[in-house]
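Enquirer: Here it is, the structure, as structure tokens.
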Amino acid sequence: MMFGQFSNRDSLRDLLVCLTAHKTKHYHLGFGKNISRSNLAEANEKRDCQIFEMYAYELIAEAQKVCVSNVDFDKSITGIVYTFDSTTIDLCLNVFWWASFRRAKAAIKLPTLLDVRTAIPVFMHTTPASIHDVNGLDFITYEPGGYYIMDRGYINFDRMATIDKHDSYFVMRLKVNLSFIRVSAEEPGESNIMTMKF
């Protein structure tokens with residue numbers, strides 16, 4: 001199944017055709033003597049999806065180590081800087097009936113965490129399209145010292161407190177109607193950091 005992912009196969013039949021072309025290499029690839037569509041379907045049904053998830057995170061970690069970023073970044077920032085946002089993906093209701101969103105529409109949401117320096121997505125999660133974007137924050141594992149940049153739609157004080165408890169930082173645009181009092185600020189020229197009371 002990993003071979004099918006890497007070779008961009010569209011279906012089990014497509015994967016089988018591709019594997020048949022490499023029949024002489026089956027033994028060395030650990031496929032065994034006979035590969036059939038029913039065997040692939042059974043393996044796909046019984047295999048725990050977490051195997052693919054864990055393998056994807058291993059590949060992401062390796063890619064982060066070797067990826068050279070072209071982003072002009074402030075070298076004084078020691079933590080990893082992430083951006084977080086969610087996008088709605090429209091789907092065909094006749095095919096993806098399980099993703100019903102509106103009366104004649106299917107969709108899912110894909111909250112994504114992006115490593116800004118390497119431009120590599122390090123976390124993605126699918127949710128029903130009816131779920132508010134801010135709920136995607138509940139699935140992130142926050143890194144101590146990490147910076148999380150989000151749009152103002154993600155302002156939620158309980159979740160912001162969770163980020164703070166992990167010794168992480170968040171950067172958000174404020175809503176126009178947000179009521180707050182500035183408690184302290186760094187000296188001019190040193191930093192743009194403010195401490196606020198909501």
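In the structure tokens, chains take the letters A, B, ... in the order shown, each chain's residues start at 1, and ligands count up from 1 in the order shown.
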Taking 6 positions as the minimum chain separation for residues in the same chain, which residues sit within 10 Å of Lys165 of chain A when counting only C-alpha atoms? Answer as number ranges by chain.
Expert: A: 142, 144, 159
Enquirer: List as a ChimeraX atom specification the protein and nucleic acid residues near segment 25-32 of chain A, meaning an atom at most 12 Å away when only C-alpha atoms are counted, but skip any in the same chain fewer than 6 places from it.
Expert: /A:1-3,16,18-19,39-40,43
Enquirer: Could you turn the residues from that selection into a file that holds N, CA and C atoms, as a PDB file, in the first residue's frame?
Expert:
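Here's the written file out_8.pdb:
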```
ATOM      1  N   MET A   1       0.830  -1.206   0.000  1.00  0.00           N
ATOM      2  CA  MET A   1       0.000   0.000   0.000  1.00  0.00           C
ATOM      3  C   MET A   1       0.865   1.257   0.000  1.00  0.00           C
ATOM      4  N   MET A   2       2.037   1.200   0.689  1.00  0.00           N
ATOM      5  CA  MET A   2       2.970   2.335   0.661  1.00  0.00           C
ATOM      6  C   MET A   2       3.472   2.576  -0.761  1.00  0.00           C
ATOM      7  N   PHE A   3       3.760   1.468  -1.470  1.00  0.00           N
ATOM      8  CA  PHE A   3       4.206   1.583  -2.860  1.00  0.00           C
ATOM      9  C   PHE A   3       3.135   2.270  -3.703  1.00  0.00           C
ATOM     10  N   LEU A  16      -2.313  -2.904  -8.948  1.00  0.00           N
ATOM     11  CA  LEU A  16      -2.012  -4.273  -9.384  1.00  0.00           C
ATOM     12  C   LEU A  16      -1.334  -4.280 -10.749  1.00  0.00           C
ATOM     13  N   CYS A  18       0.491  -1.923 -12.026  1.00  0.00           N
ATOM     14  CA  CYS A  18       1.836  -1.404 -11.827  1.00  0.00           C
ATOM     15  C   CYS A  18       2.752  -2.463 -11.211  1.00  0.00           C
ATOM     16  N   LEU A  19       2.240  -3.203 -10.224  1.00  0.00           N
ATOM     17  CA  LEU A  19       3.040  -4.238  -9.578  1.00  0.00           C
ATOM     18  C   LEU A  19       3.346  -5.395 -10.530  1.00  0.00           C
ATOM     19  N   ASN A  39      -6.345  -9.804  -2.398  1.00  0.00           N
ATOM     20  CA  ASN A  39      -5.328  -9.759  -1.331  1.00  0.00           C
ATOM     21  C   ASN A  39      -5.045  -8.321  -0.913  1.00  0.00           C
ATOM     22  N   LEU A  40      -4.939  -7.428  -1.893  1.00  0.00           N
ATOM     23  CA  LEU A  40      -4.684  -6.022  -1.604  1.00  0.00           C
ATOM     24  C   LEU A  40      -5.863  -5.404  -0.850  1.00  0.00           C
ATOM     25  N   ALA A  43      -5.807  -6.671   2.738  1.00  0.00           N
ATOM     26  CA  ALA A  43      -4.739  -6.004   3.496  1.00  0.00           C
ATOM     27  C   ALA A  43      -5.124  -4.565   3.808  1.00  0.00           C
TER      28      ALA A  43
END
```
Enquirer: Determine which residues of segment 18-153 of chain A receive a DSSP assignment of strand (DSSP E), computed from the backbone, and state them as a ChimeraX atom specification.
Expert: /A:81-91,100-102,105-115,120-124,127-128,147-150
Enquirer: Put those residues in a file: C-alpha atoms, as a PDB file, in the first residue's frame.
Expert:
```pdb
ATOM      1  CA  VAL A  81       7.413  28.936  13.722  1.00  0.00           C
ATOM      2  CA  TYR A  82       4.146  27.419  12.518  1.00  0.00           C
ATOM      3  CA  THR A  83       1.096  28.799  10.777  1.00  0.00           C
ATOM      4  CA  PHE A  84      -2.268  27.154  11.325  1.00  0.00           C
ATOM      5  CA  ASP A  85      -5.346  27.433   9.157  1.00  0.00           C
ATOM      6  CA  SER A  86      -8.201  25.344   7.870  1.00  0.00           C
ATOM      7  CA  THR A  87      -9.626  24.976   4.388  1.00  0.00           C
ATOM      8  CA  THR A  88     -12.931  23.546   3.215  1.00  0.00           C
ATOM      9  CA  ILE A  89     -12.705  20.938   0.447  1.00  0.00           C
ATOM     10  CA  ASP A  90     -15.858  20.520  -1.642  1.00  0.00           C
ATOM     11  CA  LEU A  91     -16.788  16.950  -2.554  1.00  0.00           C
ATOM     12  CA  SER A 100     -22.831  15.489   3.797  1.00  0.00           C
ATOM     13  CA  PHE A 101     -22.537  19.206   4.518  1.00  0.00           C
ATOM     14  CA  ARG A 102     -25.617  20.889   3.077  1.00  0.00           C
ATOM     15  CA  LYS A 105     -23.325  19.534  -1.025  1.00  0.00           C
ATOM     16  CA  ALA A 106     -20.611  17.394   0.548  1.00  0.00           C
ATOM     17  CA  ALA A 107     -17.420  18.761   2.074  1.00  0.00           C
ATOM     18  CA  ILE A 108     -14.729  18.225   4.682  1.00  0.00           C
ATOM     19  CA  LYS A 109     -12.395  20.608   6.498  1.00  0.00           C
ATOM     20  CA  LEU A 110      -8.648  20.149   6.549  1.00  0.00           C
ATOM     21  CA  PRO A 111      -6.943  21.946   9.450  1.00  0.00           C
ATOM     22  CA  THR A 112      -3.241  22.173   8.585  1.00  0.00           C
ATOM     23  CA  LEU A 113      -0.157  23.144  10.584  1.00  0.00           C
ATOM     24  CA  LEU A 114       2.685  24.438   8.372  1.00  0.00           C
ATOM     25  CA  ASP A 115       6.341  24.775   9.339  1.00  0.00           C
ATOM     26  CA  ILE A 120       6.359  21.582   5.011  1.00  0.00           C
ATOM     27  CA  PRO A 121       2.931  20.704   6.454  1.00  0.00           C
ATOM     28  CA  VAL A 122       3.673  18.868   9.695  1.00  0.00           C
ATOM     29  CA  PHE A 123       0.099  18.114  10.756  1.00  0.00           C
ATOM     30  CA  MET A 124      -3.207  17.652   8.958  1.00  0.00           C
ATOM     31  CA  THR A 127     -13.085  17.106  10.237  1.00  0.00           C
ATOM     32  CA  PRO A 128     -16.702  17.442   9.083  1.00  0.00           C
ATOM     33  CA  TYR A 147       5.355  29.903  17.770  1.00  0.00           C
ATOM     34  CA  TYR A 148       1.848  29.439  16.361  1.00  0.00           C
ATOM     35  CA  ILE A 149       0.535  32.097  13.964  1.00  0.00           C
ATOM     36  CA  MET A 150      -3.221  32.122  13.372  1.00  0.00           C
TER      37      MET A 150
END
```
Enquirer: Using DSSP assignments from the backbone, pull out every residue in segment 2-169 of chain A that falls under alpha helix (DSSP H) and give it to me as a count of residues only.
Expert: 54
Enquirer: Name the closest residue to Ala56 of chain A among the candidates A:Arg117, A:Gln5, A:Gly79, A:Ala41; distances are taken between atoms, counting only C-alpha atoms.
Expert: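 For Ala56 of chain A, the nearest of the candidates is A:Gln5.
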Enquirer: Quick check, in Å to one decimal: how far apart do atom CA of Val116 of chain A and atom CA of Asn156 of chain A lie?
Expert: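 Here the two named atoms are 22.7 Å from each other.
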Enquirer: In Å, rounded to a single decimal, give me how far atom CA of Ile77 of chain A is from atom CA of Gln64 of chain A.
Expert: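 Here the two named atoms are 16.9 Å from each other.
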Enquirer: Quick one, how far is atom CA of Ile80 of chain A from atom CA of Ile131 of chain A?
Expert: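 Between atom CA of Ile80 of chain A and atom CA of Ile131 of chain A the gap works out to 27.7 Å.
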